[in-house]
Structures are given as C-alpha cells and as structure tokens.
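What follows is one structure encoded as structure tokens, with my remarks underneath.
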Number of protein chains: 2
Amino acid sequence: MSVSDRRARLRDDLVAAAEARIVEGGLAALKARDLAREVGCALGAIYNVFPDLDALILAANGRTLSEFEAHLDATLPSAGEGDPVDELVGLACAYLDFALAHRRRWQALFQHRLPEGSAIPDWYMAQQAELFARVEKPVARLRPDLDGEACALLGRSVFSATHGVVALGLDEKLASLPPNTLRAQLEILVRAIGRGLARA
Amino acid sequence: MSVSDRRARLRDDLVAAAEARIVEGGLAALKARDLAREVGCALGAIYNVFPDLDALILAANGRTLSEFEAHLDATLPSAGEGDPVDELVGLACAYLDFALAHRRRWQALFQHRLPEGSAIPDWYMAQQAELFARVEKPVARLRPDLDGEACALLGRSVFSATHGVVALGLDEKLASLPPNTLRAQLEILVRAIGRGLARA
DNA sequence: CACATTCGTGAACAGCGTTCAAGAGGGTTT
DNA sequence: AAACCCTCTTGAACGCTGTTCACGAATGTG
C-alpha cells in the first residue's frame with residue numbers, strides 16, 4: 001500500500017472516529033487521545049493528516065453538510081414545481097427532521113467556533129453557500145420583482161430564521177420543545193414568512 | 001469588614017473581571033488564573049464563591065440579560081400602544097442593536113454550554129422567560145383568537161427567528177453582513193412574520 | 001543493495017480547571 | 001484578655017488537554 005493511500009485511509013478513519021465521538025458525547029467529547037486509540041494510530045499521527053483538531057472537526061462537519069444535502073435531495077425531489085411557500089415549509093421541516101435525526105452532529109455544525117483569526121476553508125464556505133441557494137430559489141419565485149442579490153440576502157435570512165426556531169427549540173438551555181410542538185411552530189412561522197413576503 | 005461582605009465584594013469583582021475578559025477576547029479568553037490575578041485573589045478563592053467557572057459565566061450572562069432588559073425599557077418605553085407589528089420590529093431591532101453594541105457578551109449568552117447533565121439555575125431560566133414574555137405581548141395583540149399557551153409558543157418562535165437572523169447575520173463563520181444590510185433584512189423578515197401571522 | 005527522505009511514534013511540554021492540606025484570620029466563649 | 005473553633009484563604013499539586021519534536025522505522029529511489 002502506498003504512502004498516500006495510507007494517509008487517505010487514516011484521514012477517513014479519523015473523520016469517522018470523530019463523527020462517532022460527536023454522536024456519542026457531542027463536540028466536547030472529541031479528544032485527540034481517544035481518536036488515536038480508536039483508529040489505532042499514534043497520537044502524533046493525527047497531526048500528519050490534519051494541522052489541528054479544528055481542521056478535523058471541520059472535515060466532519062463538512063460530511064454532515066453533505067449528508068444534509070443528500071437528505072434534501074431524497075425528501076424534496078420535486079423542487080421548483082409547486083407553491084413556493086410550500087417549498088419553503090418543506091425545506092424548513094427537512095431541516096428540523098435532519099436536526100432531530102442527527103442531533104449531536106447537527107449541533108456540532110454551529111457549536112464549533114474557529115479560534116479567533118483563523119479563516120474558514122473555501123470548500124466549507126462553498127458548502128454553506130449551496131444550502132443558502134436552496135432557499136434562495138423558492139424566494140426568487142415568490143418575489144420575481146427582486147434582483148439576484150436581494151433574493152440571496154432574503155434566502156439567507158429565511159434560512160437564518162428557520163435555523164433560529166429549530167436551534168432554540170431544541171436548546172436544552174431553554175427547556176427544549178417536544179418535536180411535534182416544534183414542528184407545528186416551525187410550520188406556522190415559515191408559512192407566515194412566506195405569506196408576509198409574497199405581496200410586498 | 002465582615003466575611004460575607006468580602007465574599008460579596010469578591011463575587012462582584014470576579015463577575016466584572018469575567019465580563020472584561022469576555023469583552024476583550026470572548027468566552028475562550030476567560031481563564032481562572034487571569035481572573036485571580038485581575039481581582040487580586042488566590043486561584044482557589046474563585047471556588048469559594050462559585051462552584052466552577054460555568055457558574056461564574058452564568059452570573060456574567062445573567063448581568064448581560066438584565067442589561068438587555070434595561071436597554072429594552074430605555075428604547076421602547078411605549079409598549080402595548082401602537083401597531084403590534086411595529087412593536088415586533090422594534091423589539092427585533094433593539095435585539096440587533098444590543099448585539100452590535102455588546103457583541104462579545106451577547107455571543108457569550110448562547111455560545112456557552114453547560115456540561116452535559118448539569119441543570120440551568122432557576123433564576124437564569126426566569127430571566128430568559130421574561131424576554132420571551134416581551135415578545136408574547138404584541139403577538140397576543142396581533143392574534144386575540146389564540147389562547148395563552150399558543151401565544152407563549154408563538155412568542156418564543158418569533159424571538160427564535162429574530163435571534164436566528166441576527167446570530168447568523170453576525171456569524172463570522174458565514175461571512176457576517178454589514179450592520180445596515182442586516183438591519184434591513186431583519187426588518188423585512190419580522191414585518192413579513194407579523195403580516196403573515198396577522199390574518200390566519 | 002545502499003542511500004535519502006519521509007512518516008510514525010510516544011514521551012515531553014505548556015496550559016487548563018479543579019482540588020486540598022496547611023496556615024491565617026475573625027468571631028465567640030470563658 | 002486569652003483561648004478556642006471554625007471558616008476562609010492560599011498556592012502547590014493533580015489530572016487532563018492539544019500540540020510538538022527528536023528519534024527510529026519504513027518507504028521509494030539510483
């Protein structure tokens with residue numbers, strides 16, 4: 001086996017182990033020594049593949065983002081056909097479903113902060129942008145009068161609002177809501193946003 | 001000076017020092033040894049006043065919440081008089097203004113997580129509930145047909161949506177928006193929510 | 001087969017939150 | 001005033017963290 005093959009293998013194993021630790025105990029449970037033991041490598045070997053643990057977490061979060069996009073493709077195959085408001089509600093519910101199904105990994109997405117000053121990789125930014133684009137499309141159909149940039153901003157805001165409702169709804173620090181209640185609230189709110197945005 | 005006076009003094013000094021550290025470098029910059037040096041006490045003395053640093057952070061965050069309520073009282077003195085939608089927009093803008101003016105302390109409010117399993121103090125939950133109540137009132141005026149619980153839930157959801165727009169709008173991980181752009185988006189979205197909720 | 005270079009290794013380092021045995025101090029009783 | 005007790009204060013020490021680095025092994029090359 002070549003060197004770069006082993007490297008790639010170790011990389012995948014580490015990301016998988018990181019995901020497992022996140023699923024089991026959240027971001028706080030991700031420890032370098034645990035990972036090394038779990039994948040059967042030396043402690044220092046981690047730092048041959050990733051510059052630091054933040055980069056490893058970013059890789060794991062990238063996988064979560066990809067999985068969420070796959071989830072959207074699977075549950076919302078007919079995008080761009082029906083009522084734009086219904087589509088926004090569908091996107092929001094899909095977001096909630098994914099958060100509920102992969103709670104810890106979803107939490108890790110925004111719980112993780114990079115140390116002051118270090119930049120987010122371009123590939124990660126691009127993955128986030130793809131998500132915003134999904135929301136942007138129905139917004140553009142809802143408001144054909146707005147230009148591209150306005151739609152992009154509005155799409156981001158609608159995503160942000162959705163995220164806020166889900167994030168605070170599941171937050172244990174705020175006494176998290178039962179899934180059914182939360183889903184009902186989300187639907188009410190996103191539908192209100194859609195209706196409120198429809199006619200300027 | 002009595003013992004409990006010194007204790008109270010140390011407590012206040014520690015919370016003030018914690019706030020200063022948060023303002024200067026965020027939650028991550030809050031270190032026990034720095035605090036001890038700053039207030040001129042021994043390292044262990046911190047743990048005579050607070051069970052751990054989480055409790056100290058909670059105390060600092062409690063002060064931030066109180067300050068935000070004072071900010072609301074100061075900038076929105078005439079609550080319950082005008083258009084409920086305008087009031088929601090005013091609350092949202094006040095939230096944004098506070099977040100901009102006290103960015104690091106505001107971030108600390110929700111960036112901080114308690115270690116798995118430990119409970120949030122009642123006084124902290126109560127302070128959060130007061131905030132939700134502020135949003136609940138205009139929601140109730142907007143929708144007199146809803147009962148108290150429905151209004152409480154909806155108020156929480158409107159707050160969550162507002163928070164989401166502000167939080168992701170200022171998030172460096174997402175390329176944070178300029179304040180003016182963010183304020184415009186927030187106004188558009190909250191107004192849409194208000195209009196969308198108005199007529200069921 | 002010999003060499004050069006790269007990689008894997010885990011002990012070591014610096015820093016963290018938290019603890020605790022020991023000593024100092026204030027409050028109460030004699 | 002003196003002796004006592006108990007609480008508070010102290011900072012060294014503990015266990016854990018992410019990260020580094022000199023060293024030995026292993027790989028690719030001439």
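Following the order of the structure tokens, first chain is A, next is B, and so on, with residues numbered from 1 inside each chain and ligands from 1 in the order they appear.
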
- Message: Would you pick out the contacts of region 10-13 of chain D at 10 Å or less, using only C-alpha atoms (C1' of nucleotides), so that residues sharing its chain but fewer than 5 positions from it are not included, and give the list as a list of chain:residue names?
- Response: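 Non-adjacent residues within range: B:Cys41, B:Ala42, B:Leu43, B:Gly44, B:Ala45, C:DT19, C:DC20, C:DA22, C:DG23, C:DA24.
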
- Task: Please provide the set of residues having any atom within 12 Å of DG17 (chain C), restricted to only C-alpha atoms (C1' of nucleotides), with same-chain residues fewer than 2 positions apart removed, written as number ranges by chain.
- Result: B: 30-33, 43-44, 46-47, 51-54; C: 15, 19; D: 14-17

- Query: When you draw a straight line from CA of Val85 (chain B) to CA of Leu168 (chain B), how long is it in Å?
  - Reply: 22.7 Å

For chain B versus chain A, which residues have an atom no more than 7 Å away, and what is each residue's nearest atom pair and distance in Å rounded to one decimal, using only C-alpha atoms, chain-then-number order, as a tab-separated table?
residue	atom	partner	partner_atom	distance
B:Ile120	CA	A:Lys173	CA	6.6
B:Leu154	CA	A:Gln185	CA	6.8
B:Ser157	CA	A:Val165	CA	5.7
B:Ser160	CA	A:Val165	CA	4.7
B:Ala161	CA	A:Ala161	CA	4.0
B:Thr162	CA	A:Ala161	CA	6.4
B:His163	CA	A:Gly164	CA	6.0
B:Gly164	CA	A:Gly164	CA	3.8
B:Val165	CA	A:Ser160	CA	4.7
B:Leu168	CA	A:Ser160	CA	6.0
B:Lys173	CA	A:Ile120	CA	6.6
B:Gln185	CA	A:Ser157	CA	6.7
B:Leu189	CA	A:Ile193	CA	6.9
B:Ala192	CA	A:Gly196	CA	3.9
B:Ile193	CA	A:Ile193	CA	4.7
B:Arg195	CA	A:Gly196	CA	5.1
B:Gly196	CA	A:Ala192	CA	3.9
B:Leu197	CA	A:Ala192	CA	5.3

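Using only C-alpha atoms (C1' of nucleotides), the shortest contact distance between chain C and any of A:Ala79, A:Gln127, A:Ala36, A:Cys93 is found at A:Ala36.
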
- Query: Nearest to chain C: which of A:Leu27, A:Val49, A:Ala99, A:Leu146 is it, counting only C-alpha atoms (C1' of nucleotides)?
  - Reply: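 Among A:Leu27, A:Val49, A:Ala99, A:Leu146, it is A:Val49 that comes nearest to chain C.
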
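With CA of Glu136 (chain A) on one side and CA of His71 (chain A) on the other, the separation reads 17.9 Å.
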
- Interatomic distance (Å, one decimal) between CA of Leu88 (chain A) and CA of Lys137 (chain A): 9.4 Å

- Item | Shell around region 19-21 of chain B at 10 Å using only C-alpha atoms (C1' of nucleotides), local window under 5 positions removed, as a ChimeraX atom specification | /B:13-14,26-31,34-35,38,56-57,59-61,63-64,104-105,108

Proximity of chain D to chain A: per-residue shortest pair, 9 Å limit, only C-alpha atoms (C1' of nucleotides), as JSON lines:
{"residue": "D:DT17", "atom": "C1'", "partner": "A:Lys31", "partner_atom": "CA", "distance": 8.1}
{"residue": "D:DG18", "atom": "C1'", "partner": "A:Ala32", "partner_atom": "CA", "distance": 7.4}
{"residue": "D:DT19", "atom": "C1'", "partner": "A:Asp52", "partner_atom": "CA", "distance": 8.1}
{"residue": "D:DT20", "atom": "C1'", "partner": "A:Gly44", "partner_atom": "CA", "distance": 8.5}
{"residue": "D:DT27", "atom": "C1'", "partner": "A:Val3", "partner_atom": "CA", "distance": 7.8}

Prev. selection, C-alpha atoms (C1' of nucleotides), output as a short mmCIF file (atom, residue, chain, number, x, y, z; two decimals), in the first residue's frame:
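New file part-v8.cif:
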data_model
loop_
_atom_site.label_atom_id
_atom_site.label_comp_id
_atom_site.auth_asym_id
_atom_site.auth_seq_id
_atom_site.Cartn_x
_atom_site.Cartn_y
_atom_site.Cartn_z
"C1'" DT D 17 -5.98 18.77 27.47
"C1'" DG D 18 -3.90 19.92 22.45
"C1'" DT D 19 0.33 20.13 20.29
"C1'" DT D 20 5.36 19.37 19.36
"C1'" DT D 27 9.32 3.50 2.06
#
